[in-house]
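Visitor: Here's a structure for you.
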Amino acid sequence: MTRVLSMICAFAGAAALMALSASRGKGATGPAAAESTPSLRRETRTMNLRLRAPADEIFPLFGPVREAEWAMGWAPKFASPNPPAQDPDCAVFTTQGHGGEATWVMKQFDSTSRQVNYVVVRPKVVVVEIHIAVSPAEPGRSLAAVTYRLTALSAAGNEHIREWIEQFPHMAPHWEEALTSRLATLAGEGRK
């Protein structure tokens with residue numbers, strides 16, 4: 001099963017890179033190609049979350065299954081693994097959101113280093129790489145660094161990135177509030 005998941009992740013990653021290469025006009029030459037290819041944006045942003053729980057308690061909430069516990073509307077449809085799991089090798093799933101369907105590939109879910117990596121593809125619009133690293137802070141608290149790297153695949157992708165950047169400053173407070181609320185619920189239930 002692990003070999004099959006690894007092959008799916010490798011294929012999905014290759015497909016994302018092919019989409020990116022195609023959108024960048026690889027192979028096109030001459031003045032006509034330069035004129036027809038819009039300047040495509042690439043932006044990177046990081047938000048740092050200060051969370052009131054130990055890192056080992058927070059980290060699982062950033063996986064594709066447990067994110068539904070705190071992220072309103074999060075309802076991934078898993079292609080692999082089946083049944084859905086936060087498998088350390090890979091997960092492939094789709095989500096519906098503002099702007100349509102996106103395909104997600106979770107490339108890494110490492111509970112030892114508390115890091116998770118996703119590649120998200122919205123065909124003909126954008127490829128998003130997400131890296132989340134959770135680390136211990138003062139006793140009973142943790143920090144989560146969430147880095148997004150967005151690459152436009154078209155003029156529509158440029159617009160998507162522009163709108164996303166406008167909303168980015170509001171993301172950290174929203175995530176902190178939602179995660180804090182979930183942690184309070186878990187503490188009240190006596191579980192993690």
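Each chain of the structure tokens is named A, B, ... in the order shown, its residues numbered from 1; ligands are numbered from 1 in display order.
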I want to know what sits within 7 Å of Phe109 (chain A), based on only C-alpha atoms, with residues of the same chain fewer than 3 positions away left out; could you give that as a PyMOL selection string?
Guide: chain A and resi 87-88+115-117
Visitor: Filtering to N, CA and C atoms, could you give me those residues as an mmCIF file, in the first residue's frame?
Guide:
```cif
data_model
loop_
_atom_site.group_PDB
_atom_site.id
_atom_site.type_symbol
_atom_site.label_atom_id
_atom_site.label_comp_id
_atom_site.auth_asym_id
_atom_site.auth_seq_id
_atom_site.Cartn_x
_atom_site.Cartn_y
_atom_site.Cartn_z
ATOM 1 N N ASP A 87 -1.780 9.807 6.690
ATOM 2 C CA ASP A 87 -0.698 8.874 6.414
ATOM 3 C C ASP A 87 0.609 9.647 6.258
ATOM 4 N N PRO A 88 1.695 9.163 6.867
ATOM 5 C CA PRO A 88 2.954 9.905 6.744
ATOM 6 C C PRO A 88 3.524 9.900 5.326
ATOM 7 N N GLN A 115 6.103 18.579 10.906
ATOM 8 C CA GLN A 115 6.044 19.317 9.653
ATOM 9 C C GLN A 115 5.083 18.631 8.696
ATOM 10 N N VAL A 116 4.331 19.445 7.970
ATOM 11 C CA VAL A 116 3.436 18.939 6.933
ATOM 12 C C VAL A 116 3.611 19.813 5.696
ATOM 13 N N ASN A 117 3.603 19.161 4.527
ATOM 14 C CA ASN A 117 3.757 19.860 3.253
ATOM 15 C C ASN A 117 2.654 19.445 2.306
#
```
Visitor: Please extract the residues of region 72-107 of chain A with a backbone DSSP assignment of strand (DSSP E or B) and present them as a PyMOL selection string.
Guide: chain A and resi 77-80+91-97+100-107
Visitor: Atoms to include: N, CA and C atoms. Write the selected residues as a PDB file, in the first residue's frame.
Guide:
```
ATOM      1  N   LYS A  77     -12.419  15.352  -0.030  1.00  0.00           N
ATOM      2  CA  LYS A  77     -12.859  14.074  -0.600  1.00  0.00           C
ATOM      3  C   LYS A  77     -11.584  13.332  -1.014  1.00  0.00           C
ATOM      4  N   PHE A  78     -11.310  12.236  -0.308  1.00  0.00           N
ATOM      5  CA  PHE A  78     -10.044  11.531  -0.480  1.00  0.00           C
ATOM      6  C   PHE A  78     -10.069  10.572  -1.662  1.00  0.00           C
ATOM      7  N   ALA A  79      -9.028  10.674  -2.493  1.00  0.00           N
ATOM      8  CA  ALA A  79      -8.759   9.668  -3.523  1.00  0.00           C
ATOM      9  C   ALA A  79      -7.879   8.582  -2.913  1.00  0.00           C
ATOM     10  N   SER A  80      -6.969   9.001  -2.027  1.00  0.00           N
ATOM     11  CA  SER A  80      -6.058   8.081  -1.361  1.00  0.00           C
ATOM     12  C   SER A  80      -5.504   8.772  -0.127  1.00  0.00           C
ATOM     13  N   ALA A  91      -1.159  11.745   0.924  1.00  0.00           N
ATOM     14  CA  ALA A  91      -2.618  11.744   0.800  1.00  0.00           C
ATOM     15  C   ALA A  91      -2.944  12.582  -0.427  1.00  0.00           C
ATOM     16  N   VAL A  92      -3.978  12.171  -1.140  1.00  0.00           N
ATOM     17  CA  VAL A  92      -4.448  12.920  -2.303  1.00  0.00           C
ATOM     18  C   VAL A  92      -5.940  13.119  -2.117  1.00  0.00           C
ATOM     19  N   PHE A  93      -6.386  14.376  -2.220  1.00  0.00           N
ATOM     20  CA  PHE A  93      -7.796  14.672  -2.005  1.00  0.00           C
ATOM     21  C   PHE A  93      -8.166  15.947  -2.738  1.00  0.00           C
ATOM     22  N   THR A  94      -9.469  16.173  -2.857  1.00  0.00           N
ATOM     23  CA  THR A  94      -9.964  17.398  -3.481  1.00  0.00           C
ATOM     24  C   THR A  94     -10.807  18.160  -2.472  1.00  0.00           C
ATOM     25  N   THR A  95     -10.893  19.465  -2.690  1.00  0.00           N
ATOM     26  CA  THR A  95     -11.757  20.322  -1.889  1.00  0.00           C
ATOM     27  C   THR A  95     -12.513  21.258  -2.822  1.00  0.00           C
ATOM     28  N   GLN A  96     -13.648  21.717  -2.352  1.00  0.00           N
ATOM     29  CA  GLN A  96     -14.409  22.752  -3.053  1.00  0.00           C
ATOM     30  C   GLN A  96     -14.250  24.039  -2.257  1.00  0.00           C
ATOM     31  N   GLY A  97     -14.022  25.112  -2.941  1.00  0.00           N
ATOM     32  CA  GLY A  97     -13.884  26.379  -2.255  1.00  0.00           C
ATOM     33  C   GLY A  97     -14.193  27.524  -3.186  1.00  0.00           C
ATOM     34  N   GLY A 100     -13.804  27.228  -7.051  1.00  0.00           N
ATOM     35  CA  GLY A 100     -13.900  25.895  -7.641  1.00  0.00           C
ATOM     36  C   GLY A 100     -13.124  24.827  -6.923  1.00  0.00           C
ATOM     37  N   GLU A 101     -12.933  23.731  -7.638  1.00  0.00           N
ATOM     38  CA  GLU A 101     -12.281  22.555  -7.068  1.00  0.00           C
ATOM     39  C   GLU A 101     -10.771  22.693  -7.107  1.00  0.00           C
ATOM     40  N   ALA A 102     -10.128  22.162  -6.055  1.00  0.00           N
ATOM     41  CA  ALA A 102      -8.673  22.116  -5.987  1.00  0.00           C
ATOM     42  C   ALA A 102      -8.257  20.692  -5.647  1.00  0.00           C
ATOM     43  N   THR A 103      -7.151  20.266  -6.223  1.00  0.00           N
ATOM     44  CA  THR A 103      -6.570  18.964  -5.907  1.00  0.00           C
ATOM     45  C   THR A 103      -5.382  19.186  -4.987  1.00  0.00           C
ATOM     46  N   TRP A 104      -5.373  18.462  -3.880  1.00  0.00           N
ATOM     47  CA  TRP A 104      -4.331  18.568  -2.866  1.00  0.00           C
ATOM     48  C   TRP A 104      -3.504  17.291  -2.849  1.00  0.00           C
ATOM     49  N   VAL A 105      -2.197  17.448  -2.708  1.00  0.00           N
ATOM     50  CA  VAL A 105      -1.294  16.330  -2.468  1.00  0.00           C
ATOM     51  C   VAL A 105      -0.544  16.657  -1.183  1.00  0.00           C
ATOM     52  N   MET A 106      -0.755  15.835  -0.156  1.00  0.00           N
ATOM     53  CA  MET A 106       0.026  15.987   1.070  1.00  0.00           C
ATOM     54  C   MET A 106       1.298  15.184   0.861  1.00  0.00           C
ATOM     55  N   LYS A 107       2.407  15.875   0.688  1.00  0.00           N
ATOM     56  CA  LYS A 107       3.674  15.224   0.376  1.00  0.00           C
ATOM     57  C   LYS A 107       4.382  14.713   1.621  1.00  0.00           C
TER      58      LYS A 107
END
```
Visitor: With distances taken over only C-alpha atoms, which residue among A:Arg45, A:Arg114, A:His170, A:His98 lies nearest Ile132 (chain A)?
Guide: A:Arg114
Visitor: Rounded to one decimal, what separation in Å do you get between CA of Arg182 (chain A) and CA of Pro64 (chain A)?
Guide: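 CA of Arg182 (chain A) sits 15.5 Å away from CA of Pro64 (chain A).
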Visitor: Would you compute the distance between CA of Ile58 (chain A) and CA of Ser113 (chain A)? Give it in Å to one decimal.
Guide: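 These two atoms are separated by 12.7 Å.
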Visitor: Can you tell me which residues surround Leu143 (chain A) at a distance of at most 7 Å, considering only C-alpha atoms, apart from same-chain residues fewer than 6 positions away, and format the answer as a ChimeraX atom specification?
Guide: /A:48-51,134-137
Visitor: Given the choices A:Ala145, A:Leu61, A:Val128, A:Met171, which gets closest to Leu183 (chain A) if the distance is worked out from only C-alpha atoms?
Guide: A:Leu61
Visitor: How many Å lie between CA of Trp175 (chain A) and CA of Val125 (chain A), rounded to one decimal?
Guide: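 Distance between the two atoms: 24.7 Å.
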Visitor: Output as a ChimeraX atom specification all residues of region 13-161 of chain A that backbone DSSP marks as helix (DSSP H, G or I).
Guide: /A:13-23,30-36,55-62,66-69,155-161
Visitor: Take the residues that were just selected and, keeping C-alpha atoms, output them as a tab-separated table (two decimals), in the first residue's frame.
Guide:
```
chain	number	residue	atom	x	y	z
A	13	GLY	CA	3.63	16.05	-7.98
A	14	ALA	CA	4.81	15.52	-11.55
A	15	ALA	CA	1.40	16.61	-12.88
A	16	ALA	CA	1.63	19.81	-10.83
A	17	LEU	CA	5.09	20.55	-12.22
A	18	MET	CA	3.89	19.85	-15.77
A	19	ALA	CA	1.00	22.27	-15.28
A	20	LEU	CA	3.42	24.89	-14.00
A	21	SER	CA	5.86	24.32	-16.89
A	22	ALA	CA	3.07	24.50	-19.47
A	23	SER	CA	1.79	27.74	-17.99
A	30	GLY	CA	10.45	33.92	-30.35
A	31	PRO	CA	8.78	37.32	-29.95
A	32	ALA	CA	5.25	35.98	-30.53
A	33	ALA	CA	5.59	33.57	-27.58
A	34	ALA	CA	6.87	36.36	-25.32
A	35	GLU	CA	3.97	38.63	-26.28
A	36	SER	CA	1.30	35.97	-25.76
A	55	ALA	CA	3.38	21.37	19.87
A	56	ASP	CA	2.61	17.63	19.89
A	57	GLU	CA	-1.04	18.39	20.70
A	58	ILE	CA	-1.41	21.09	18.03
A	59	PHE	CA	0.39	19.40	15.14
A	60	PRO	CA	-2.23	16.71	14.26
A	61	LEU	CA	-4.83	19.47	13.76
A	62	PHE	CA	-2.93	20.58	10.62
A	66	ARG	CA	-8.31	16.64	11.71
A	67	GLU	CA	-8.40	20.08	10.10
A	68	ALA	CA	-12.17	19.56	9.83
A	69	GLU	CA	-12.30	19.88	13.63
A	155	ALA	CA	-3.98	35.82	-15.84
A	156	ALA	CA	-6.80	34.42	-13.67
A	157	GLY	CA	-4.10	33.06	-11.37
A	158	ASN	CA	-2.54	36.52	-11.12
A	159	GLU	CA	-5.92	37.86	-10.01
A	160	HIS	CA	-6.38	34.99	-7.55
A	161	ILE	CA	-3.00	35.79	-5.98
```
Visitor: Which of these residues is nearest to Leu40 (chain A), using only C-alpha atoms: A:Ala184, A:Val126, A:Val65, A:Val146?
Guide: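 Answer, going by the shortest atom-to-atom distance: A:Val126.
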Visitor: With only C-alpha atoms as the basis for distance, which of A:Ser142, A:Trp164, A:Thr151, A:Thr46 is at the shortest distance from Val121 (chain A)?
Guide: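 For Val121 (chain A), the nearest of the given residues is A:Thr151.
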